[in-house]
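Heads up, the thing below is written out as structure tokens.
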Amino acid sequence: MPTPLHIVVCGGIVPDPLQTLEPAAPNAAFPAQPSLKNEMMLPAVLDPWAAHALFEAAHLSAQVPGSKVWLVSLGPKAKLQQVMMTIAQKAPFELVAIDGPASGFTDAFAAAAALAATIEQIPGLDRGRLLLFGGWESASRGAGSTLQMVGERLGITEQFQGVDRIAARAEGAGFEIMERIEGGRHQVSLLSSPPAVLGWATGYLPEPRNNPQVGMANMRTIMPALQRAKAAAMNGAGPSFASVRLPAVERQTRIVKDMPPEEIAREIVAWMGEE
Amino acid sequence: MDSILVLAHTEADGTLGKPALEALSAAVALGGELTLGLVGCTVAQASLPALPSVRVLAVTGEPFANPRYATDAAAAEALCRASGASLILAPGTSRWARVLPGVAYRLGGRADTHATGLALHDGAPAITRWFYRQRIEAVLTRAERPWIVLPDAGCFAPWTGATGAAHIESVPVDPPSTRTTWERIEAPAADRQTIRPDAKLLFVAGAGWTKKQADGAVHAADAAALIHNFLERSQASLGGSKSLVDLSGEGEAVLPFMTHMNQIGQTGATPRHPKGLSTCCHGEEPHVVGWRFIAQRRAVNLDPNCGWARGKADVLYIADAFAVLRELNRLLA
């Protein structure tokens, strides 16, 4: 029987992708970094790649009896509570909340320090059986840095990024891990045993359906976790922003109506051939 | 002025890949004392840039042949320390992106990935990078050193000078013990390989291909054949909107060659191609996030009021994509 796993998923929150974002001047809480206009008013979701990591963690945990999943999330408490109402119905986990900024402009170094310090203090966590999951990049900072640095801080030097699949080999012979590389290909490696860091891409699992029973079980631990959430000290040194702006978005679109398909095709082929 | 290390991994034949040469040209343009640090099984000395004033350091050997965090991090750390550089430029390949932020932590420095620009700002290096999935662009500098910067591929012209390095200094590194064994590379079968990073055209398929057409029926098989033929004939790279990719992932018979690897946009890629042609896309993701780095953009769409194509595409054809693609395939045959 395989050894039960302790899976810690690091997952931040980000503005709902359908929201229009606009940079704004630094706010009083974090004067060294830009912010988003109406940041606290924007509806939030669990970071998409981190959500995939959570679903994969739940799937793997279900395959290995006795395993447990924690979700460690750094963000403003009120926002975390809002997001947890939705995500709690997707997969069983125990929330470990950290009260702090979820901004993409905060430094990955500081975020990693806060996450690692919190993970070290999770009661009952066996770091010899630890798989540290997360998204390979966030939808906010998009750097792919935080998880690596959390791993380094926890002394984990088996790391994988852009993971699309983990499969346990028979008779406890480790895990086969597929990572995305260039050109639509995957690199396949064998991990003999935990601990390890896995930054997930989209994987192959569909998003789980809402399960109210799972949601109710999760909520029993979510509210106390939010009440216990410690504030993270994140206002240290970081990048200096010389400019932050929205790109020029408008193009003068030529709208072509009533042109026969063959003529459109000819125009497109000619355009494709232009240097 | 910062001393600069260009940190690159060699290809299987010991030469430098295009992303490494791009990082080198960015470093040369910035100026300052330059060191070239190389990791790989071997280094093809004759293929290295002939830059007489550049010191060349290398960590080589079988343990460093294939990408693996523990060995790559140890090699990169050793080269950074041996060079003493305060600014480290490394190509943003999957191999380095997997490792170098962790190395920055070991060095007590910082790392920034996905840099799309690099220039001096008030005499100090400053990078341009995007936040919130290509929605907000920022220029930033850092006081902390060493600072590891990974430029995205395609953002700088590759270095094109003479080759033939004078001398390579070997940096000894004991391969760390690791529980990871590199096994193999898996690539789709040739007729299913639809991601072509060097293609001149990105062809984006949206969920409209799977909707009922004018005759009231769904023509998914026709759509798959038309798109597959177009990709073969044009050698374009295939991108998909999230909604279409999700349909494929849920086991519906849509496009058999479409996977999450093709997805562009919020949870997908933001590829760089000179031209992009979107078809049957109706959302923000393919037209804004996925198209951020596409220079010339055209769209085929049945909705003349599509708010996302208008203002984002250079040309919007109001037409049936099935009919247009059929004609395109005929012309390209």
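Chain labels run A, B, ... following the order of the structure tokens; each chain numbers its residues from 1, and ligands are numbered from 1 in the order shown.
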>> Applying 12 Å and only C-alpha atoms, which residues near Ala29 (chain B) remain after dropping the ones on its own chain fewer than 2 positions away? List them as a PyMOL selection string.
In response: chain B and resi 4+22-27+31-34+117-120+125+156-159
> Which chain A residues are at most 6 Å from chain B (counting only C-alpha atoms), as a ChimeraX atom specification?
Replying inline: /A:139-141,143,145,148-149,157,159,161,181,183-192,239-246,250-257,261-262,265
Prev. selection, C-alpha atoms, output as a PDB file, in the first residue's frame:
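Okay, result_16.pdb is ready:
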ATOM      1  CA  ALA A 139      -2.582  35.087 -13.387  1.00  0.00           C
ATOM      2  CA  SER A 140      -1.408  38.190 -11.531  1.00  0.00           C
ATOM      3  CA  ARG A 141       2.402  38.317 -11.340  1.00  0.00           C
ATOM      4  CA  ALA A 143       6.429  34.963 -12.963  1.00  0.00           C
ATOM      5  CA  SER A 145       8.962  32.242  -9.224  1.00  0.00           C
ATOM      6  CA  GLN A 148      10.383  27.565  -6.578  1.00  0.00           C
ATOM      7  CA  MET A 149      11.457  29.860  -3.778  1.00  0.00           C
ATOM      8  CA  THR A 157      15.302  20.406  -4.491  1.00  0.00           C
ATOM      9  CA  GLN A 159      11.053  20.512  -8.481  1.00  0.00           C
ATOM     10  CA  GLN A 161       7.130  23.154 -13.451  1.00  0.00           C
ATOM     11  CA  ILE A 181       8.514  22.148 -22.621  1.00  0.00           C
ATOM     12  CA  GLY A 183       7.047  23.147 -29.064  1.00  0.00           C
ATOM     13  CA  GLY A 184       3.995  21.423 -27.583  1.00  0.00           C
ATOM     14  CA  ARG A 185       6.129  18.629 -26.109  1.00  0.00           C
ATOM     15  CA  HIS A 186       6.471  17.114 -22.650  1.00  0.00           C
ATOM     16  CA  GLN A 187       9.481  16.081 -20.635  1.00  0.00           C
ATOM     17  CA  VAL A 188       8.924  12.935 -18.599  1.00  0.00           C
ATOM     18  CA  SER A 189      10.864  12.373 -15.373  1.00  0.00           C
ATOM     19  CA  LEU A 190      10.708   9.812 -12.606  1.00  0.00           C
ATOM     20  CA  LEU A 191      10.518  11.006  -9.008  1.00  0.00           C
ATOM     21  CA  SER A 192      11.433   8.182  -6.670  1.00  0.00           C
ATOM     22  CA  PRO A 239      11.084  46.236  -7.412  1.00  0.00           C
ATOM     23  CA  SER A 240      10.846  49.954  -8.137  1.00  0.00           C
ATOM     24  CA  PHE A 241       8.278  50.642 -10.806  1.00  0.00           C
ATOM     25  CA  ALA A 242       9.313  53.295 -13.324  1.00  0.00           C
ATOM     26  CA  SER A 243       6.021  53.048 -15.177  1.00  0.00           C
ATOM     27  CA  VAL A 244       2.845  50.991 -15.107  1.00  0.00           C
ATOM     28  CA  ARG A 245       0.359  51.377 -17.925  1.00  0.00           C
ATOM     29  CA  LEU A 246      -2.313  49.783 -20.016  1.00  0.00           C
ATOM     30  CA  GLU A 250      -7.433  50.141 -30.173  1.00  0.00           C
ATOM     31  CA  ARG A 251      -6.736  49.263 -33.783  1.00  0.00           C
ATOM     32  CA  GLN A 252      -8.494  50.713 -36.776  1.00  0.00           C
ATOM     33  CA  THR A 253     -10.363  47.582 -37.802  1.00  0.00           C
ATOM     34  CA  ARG A 254     -11.324  47.322 -41.467  1.00  0.00           C
ATOM     35  CA  ILE A 255     -14.655  45.512 -41.485  1.00  0.00           C
ATOM     36  CA  VAL A 256     -15.271  43.546 -44.658  1.00  0.00           C
ATOM     37  CA  LYS A 257     -18.891  42.597 -45.346  1.00  0.00           C
ATOM     38  CA  PRO A 261     -15.491  33.476 -49.485  1.00  0.00           C
ATOM     39  CA  GLU A 262     -13.228  32.846 -52.461  1.00  0.00           C
ATOM     40  CA  ALA A 265      -9.487  33.502 -49.182  1.00  0.00           C
TER      41      ALA A 265
END
>> Set the distance at 6 Å and use only C-alpha atoms: which residues neighbour region 216-230 of chain A once local chain neighbours fewer than 3 positions away are removed? I'd like the list as a list in words.
In response: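 Contacts, with the query itself left out: Ala88, Leu95, Val96, Ala97, Ile98, Asp99 and Gln213 of chain A.
Between Met258 (chain B) and the residues B:Arg192, B:Ala295, B:Gly307, B:Ala82, the shortest atom-to-atom distance, using only C-alpha atoms, involves B:Arg192.
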> In region 34-102 of chain A, what's strand (DSSP E or B) per DSSP? Answer as JSON, numbers by chain?
Replying inline: {"A": [35, 36, 44, 45, 46, 68, 69, 70, 71, 72, 73, 74, 75, 94, 95, 96, 97, 98, 99]}
With N, CA and C atoms kept, could you save the residues just selected as a tab-separated table (two decimals), in the first residue's frame?
chain	number	residue	atom	x	y	z
A	35	SER	N	-1.05	49.67	-7.63
A	35	SER	CA	-2.21	48.86	-7.26
A	35	SER	C	-3.15	48.82	-8.46
A	36	LEU	N	-4.30	48.21	-8.27
A	36	LEU	CA	-5.33	48.21	-9.29
A	36	LEU	C	-6.45	49.15	-8.87
A	44	ALA	N	-13.18	38.25	-7.11
A	44	ALA	CA	-11.95	37.46	-7.23
A	44	ALA	C	-12.28	35.99	-7.45
A	45	VAL	N	-11.30	35.29	-7.99
A	45	VAL	CA	-11.40	33.83	-8.15
A	45	VAL	C	-10.08	33.22	-7.67
A	46	LEU	N	-10.12	31.92	-7.40
A	46	LEU	CA	-8.86	31.23	-7.12
A	46	LEU	C	-8.04	31.24	-8.41
A	68	LYS	N	-3.83	13.67	2.68
A	68	LYS	CA	-4.55	14.87	3.09
A	68	LYS	C	-4.10	16.06	2.25
A	69	VAL	N	-5.04	16.98	2.02
A	69	VAL	CA	-4.74	18.17	1.20
A	69	VAL	C	-4.97	19.43	2.03
A	70	TRP	N	-3.98	20.32	2.02
A	70	TRP	CA	-4.13	21.65	2.60
A	70	TRP	C	-4.10	22.68	1.47
A	71	LEU	N	-4.88	23.71	1.58
A	71	LEU	CA	-4.80	24.83	0.64
A	71	LEU	C	-4.28	26.03	1.41
A	72	VAL	N	-3.08	26.49	1.03
A	72	VAL	CA	-2.48	27.66	1.69
A	72	VAL	C	-2.69	28.85	0.77
A	73	SER	N	-3.39	29.83	1.27
A	73	SER	CA	-3.77	30.94	0.41
A	73	SER	C	-3.44	32.27	1.06
A	74	LEU	N	-2.77	33.12	0.28
A	74	LEU	CA	-2.36	34.44	0.75
A	74	LEU	C	-3.23	35.48	0.05
A	75	GLY	N	-3.98	36.26	0.84
A	75	GLY	CA	-4.82	37.28	0.25
A	75	GLY	C	-5.57	38.02	1.35
A	94	GLU	N	-8.15	21.36	3.68
A	94	GLU	CA	-8.15	22.18	4.90
A	94	GLU	C	-7.47	23.50	4.55
A	95	LEU	N	-8.16	24.59	4.80
A	95	LEU	CA	-7.61	25.90	4.45
A	95	LEU	C	-6.61	26.37	5.50
A	96	VAL	N	-5.51	26.94	5.02
A	96	VAL	CA	-4.57	27.67	5.88
A	96	VAL	C	-4.47	29.06	5.25
A	97	ALA	N	-5.04	30.03	5.92
A	97	ALA	CA	-5.15	31.37	5.32
A	97	ALA	C	-4.06	32.29	5.87
A	98	ILE	N	-3.56	33.14	4.99
A	98	ILE	CA	-2.61	34.19	5.39
A	98	ILE	C	-3.20	35.51	4.93
A	99	ASP	N	-3.32	36.44	5.86
A	99	ASP	CA	-3.91	37.73	5.53
A	99	ASP	C	-2.83	38.64	4.95
>> So that I can check the surroundings of His52 (chain A), please list as a ChimeraX atom specification every protein, DNA and RNA residue that reaches within 8 Å of it, counting only C-alpha atoms and ignoring chain neighbours fewer than 6 positions away.
In response: /A:135,200-203,205,207
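Residues in contact with Leu51 (chain B) at up to 10 Å, not including ones fewer than 4 positions away on its chain and judged by only C-alpha atoms, are Leu34, Leu36, Arg55, Val56, Gly161, Ala162, Thr163, Gly164, Ala165 and Ala166 of chain B.
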Save the residues we just selected, N, CA and C atoms, as a CSV table (one decimal), in the first residue's frame?
chain,number,residue,atom,x,y,z
B,34,LEU,N,31.4,41.4,-19.4
B,34,LEU,CA,30.5,40.3,-19.8
B,34,LEU,C,31.2,39.0,-19.6
B,36,LEU,N,30.3,34.7,-20.1
B,36,LEU,CA,29.3,33.7,-20.7
B,36,LEU,C,29.5,32.5,-19.9
B,55,ARG,N,34.8,36.5,-20.9
B,55,ARG,CA,35.3,35.3,-20.2
B,55,ARG,C,34.2,34.2,-20.4
B,56,VAL,N,34.6,33.0,-20.6
B,56,VAL,CA,33.7,31.9,-20.9
B,56,VAL,C,33.9,30.8,-19.8
B,161,GLY,N,27.4,37.4,-34.7
B,161,GLY,CA,28.8,37.7,-35.0
B,161,GLY,C,29.6,36.4,-35.4
B,162,ALA,N,30.9,36.6,-35.5
B,162,ALA,CA,31.7,35.4,-35.8
B,162,ALA,C,31.8,34.5,-34.6
B,163,THR,N,32.1,33.2,-34.9
B,163,THR,CA,32.2,32.2,-33.8
B,163,THR,C,33.6,31.7,-33.6
B,164,GLY,N,33.9,31.1,-32.5
B,164,GLY,CA,35.2,30.5,-32.2
B,164,GLY,C,35.7,31.1,-30.9
B,165,ALA,N,35.3,30.6,-29.8
B,165,ALA,CA,35.8,31.2,-28.5
B,165,ALA,C,37.2,30.8,-28.2
B,166,ALA,N,38.0,31.6,-27.6
B,166,ALA,CA,39.4,31.4,-27.3
B,166,ALA,C,39.6,30.3,-26.2
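By only C-alpha atoms, and with residues fewer than 5 positions from region 76-80 of chain B along its chain excluded, the set lying at most 7 Å from it is Gly37, Leu57, Ala85 and Val103 of chain B.
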So that I have them on file, write out the residues from the current selection with N, CA and C atoms, as a CSV table (one decimal), in the first residue's frame.
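Result file result-v2.csv:
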chain,number,residue,atom,x,y,z
B,37,GLY,N,28.3,32.0,-19.3
B,37,GLY,CA,28.3,30.8,-18.5
B,37,GLY,C,27.5,29.7,-19.2
B,57,LEU,N,32.8,30.5,-19.0
B,57,LEU,CA,32.8,29.5,-17.9
B,57,LEU,C,31.9,28.4,-18.3
B,85,ALA,N,29.0,38.1,-11.2
B,85,ALA,CA,28.2,39.1,-11.9
B,85,ALA,C,27.1,39.6,-11.0
B,103,VAL,N,17.4,29.6,-7.9
B,103,VAL,CA,18.8,29.9,-7.8
B,103,VAL,C,19.0,31.3,-7.2
>> I want to know what sits within 9 Å of Val254 (chain B), based on only C-alpha atoms, with residues of the same chain fewer than 5 positions away left out; could you give that as a list in words?
In response: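 In the requested form, the answer reads Trp209, Thr210, Ala220, Ala221, Ala223, Ala224, Leu244, Val245, Leu247 and Ser248 of chain B.
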>> One number please: CA of Thr270 (chain B) to CA of Gly240 (chain B), in Å, one decimal.
In response: 11.3 Å
DSSP alpha helix (DSSP H) residues within region 21-206 of chain A, listed as a short mmCIF file (atom, residue, chain, number, x, y, z; two decimals) with N, CA and C atoms, in the first residue's frame:
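To be explicit, this is the file written out as result_26.cif:
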data_model
loop_
_atom_site.label_atom_id
_atom_site.label_comp_id
_atom_site.auth_asym_id
_atom_site.auth_seq_id
_atom_site.Cartn_x
_atom_site.Cartn_y
_atom_site.Cartn_z
N PRO A 48 -6.34 30.56 -11.63
CA PRO A 48 -6.74 29.41 -12.45
C PRO A 48 -5.79 28.22 -12.42
N TRP A 49 -4.46 28.47 -12.54
CA TRP A 49 -3.55 27.33 -12.54
C TRP A 49 -3.45 26.72 -11.14
N ALA A 50 -3.56 27.53 -10.12
CA ALA A 50 -3.58 26.98 -8.76
C ALA A 50 -4.84 26.13 -8.55
N ALA A 51 -5.94 26.54 -9.16
CA ALA A 51 -7.17 25.75 -9.06
C ALA A 51 -6.96 24.37 -9.69
N HIS A 52 -6.28 24.35 -10.83
CA HIS A 52 -5.96 23.05 -11.43
C HIS A 52 -5.11 22.22 -10.48
N ALA A 53 -4.17 22.87 -9.82
CA ALA A 53 -3.31 22.16 -8.86
C ALA A 53 -4.15 21.57 -7.73
N LEU A 54 -5.13 22.32 -7.29
CA LEU A 54 -6.00 21.83 -6.20
C LEU A 54 -6.81 20.61 -6.67
N PHE A 55 -7.33 20.69 -7.89
CA PHE A 55 -8.13 19.56 -8.39
C PHE A 55 -7.24 18.32 -8.56
N GLU A 56 -6.01 18.53 -9.03
CA GLU A 56 -5.09 17.40 -9.17
C GLU A 56 -4.72 16.83 -7.80
N ALA A 57 -4.56 17.71 -6.83
CA ALA A 57 -4.22 17.26 -5.47
C ALA A 57 -5.35 16.40 -4.91
N ALA A 58 -6.58 16.86 -5.10
CA ALA A 58 -7.72 16.10 -4.60
C ALA A 58 -7.81 14.73 -5.29
N HIS A 59 -7.54 14.74 -6.59
CA HIS A 59 -7.58 13.50 -7.36
C HIS A 59 -6.51 12.52 -6.88
N LEU A 60 -5.30 13.02 -6.70
CA LEU A 60 -4.20 12.16 -6.25
C LEU A 60 -4.45 11.66 -4.82
N SER A 61 -4.96 12.56 -4.00
CA SER A 61 -5.24 12.20 -2.61
C SER A 61 -6.28 11.08 -2.52
N ALA A 62 -7.26 11.14 -3.41
CA ALA A 62 -8.30 10.11 -3.41
C ALA A 62 -7.74 8.75 -3.83
N GLN A 63 -6.66 8.77 -4.61
CA GLN A 63 -6.07 7.51 -5.08
C GLN A 63 -5.17 6.87 -4.03
N LYS A 77 -8.30 38.85 3.82
CA LYS A 77 -9.23 37.89 4.45
C LYS A 77 -10.62 37.92 3.83
N ALA A 78 -11.13 39.13 3.63
CA ALA A 78 -12.50 39.24 3.11
C ALA A 78 -12.61 38.63 1.72
N LYS A 79 -11.58 38.83 0.93
CA LYS A 79 -11.57 38.25 -0.41
C LYS A 79 -11.45 36.73 -0.36
N LEU A 80 -10.60 36.25 0.53
CA LEU A 80 -10.44 34.81 0.66
C LEU A 80 -11.77 34.16 1.02
N GLN A 81 -12.48 34.80 1.92
CA GLN A 81 -13.77 34.23 2.35
C GLN A 81 -14.72 34.13 1.16
N GLN A 82 -14.73 35.16 0.35
CA GLN A 82 -15.63 35.18 -0.82
C GLN A 82 -15.26 34.04 -1.78
N VAL A 83 -13.98 33.88 -2.04
CA VAL A 83 -13.54 32.86 -3.00
C VAL A 83 -13.78 31.46 -2.44
N MET A 84 -13.57 31.30 -1.14
CA MET A 84 -13.72 29.97 -0.54
C MET A 84 -15.16 29.46 -0.62
N MET A 85 -16.11 30.38 -0.63
CA MET A 85 -17.52 29.97 -0.74
C MET A 85 -17.73 29.14 -2.02
N THR A 86 -17.01 29.48 -3.05
CA THR A 86 -17.15 28.77 -4.32
C THR A 86 -16.25 27.54 -4.38
N ILE A 87 -15.00 27.74 -4.03
CA ILE A 87 -14.02 26.68 -4.26
C ILE A 87 -14.20 25.53 -3.27
N ALA A 108 7.64 38.37 -5.50
CA ALA A 108 7.54 36.92 -5.31
C ALA A 108 8.39 36.46 -4.13
N PHE A 109 9.51 37.14 -3.92
CA PHE A 109 10.43 36.78 -2.84
C PHE A 109 9.71 36.91 -1.49
N ALA A 110 8.98 38.01 -1.32
CA ALA A 110 8.27 38.24 -0.05
C ALA A 110 7.10 37.27 0.10
N ALA A 111 6.41 37.02 -1.00
CA ALA A 111 5.28 36.07 -0.95
C ALA A 111 5.78 34.68 -0.59
N ALA A 112 6.92 34.29 -1.16
CA ALA A 112 7.48 32.96 -0.87
C ALA A 112 7.86 32.86 0.60
N ALA A 113 8.41 33.94 1.14
CA ALA A 113 8.81 33.91 2.56
C ALA A 113 7.58 33.70 3.44
N ALA A 114 6.50 34.41 3.13
CA ALA A 114 5.28 34.29 3.95
C ALA A 114 4.68 32.88 3.82
N LEU A 115 4.67 32.36 2.62
CA LEU A 115 4.09 31.02 2.40
C LEU A 115 4.93 29.94 3.09
N ALA A 116 6.25 30.02 2.93
CA ALA A 116 7.12 28.99 3.52
C ALA A 116 7.02 29.01 5.04
N ALA A 117 7.00 30.21 5.62
CA ALA A 117 6.92 30.30 7.08
C ALA A 117 5.61 29.69 7.59
N THR A 118 4.55 29.88 6.83
CA THR A 118 3.25 29.33 7.24
C THR A 118 3.23 27.81 7.08
N ILE A 119 3.76 27.32 5.98
CA ILE A 119 3.76 25.87 5.74
C ILE A 119 4.56 25.15 6.82
N GLU A 120 5.68 25.76 7.22
CA GLU A 120 6.51 25.14 8.26
C GLU A 120 5.75 24.93 9.56
N THR A 146 7.42 32.09 -7.37
CA THR A 146 7.11 31.93 -5.95
C THR A 146 7.28 30.49 -5.48
N LEU A 147 6.71 29.57 -6.22
CA LEU A 147 6.72 28.18 -5.78
C LEU A 147 8.15 27.63 -5.67
N GLN A 148 8.99 28.02 -6.64
CA GLN A 148 10.38 27.57 -6.58
C GLN A 148 11.06 28.04 -5.30
N MET A 149 10.79 29.30 -4.96
CA MET A 149 11.46 29.86 -3.78
C MET A 149 10.88 29.29 -2.48
N VAL A 150 9.59 28.98 -2.50
CA VAL A 150 9.01 28.29 -1.33
C VAL A 150 9.71 26.94 -1.17
N GLY A 151 9.88 26.23 -2.28
CA GLY A 151 10.56 24.95 -2.24
C GLY A 151 11.97 25.07 -1.69
N GLU A 152 12.70 26.06 -2.17
CA GLU A 152 14.07 26.27 -1.69
C GLU A 152 14.07 26.57 -0.19
N ARG A 153 13.15 27.40 0.24
CA ARG A 153 13.09 27.73 1.67
C ARG A 153 12.78 26.51 2.52
#
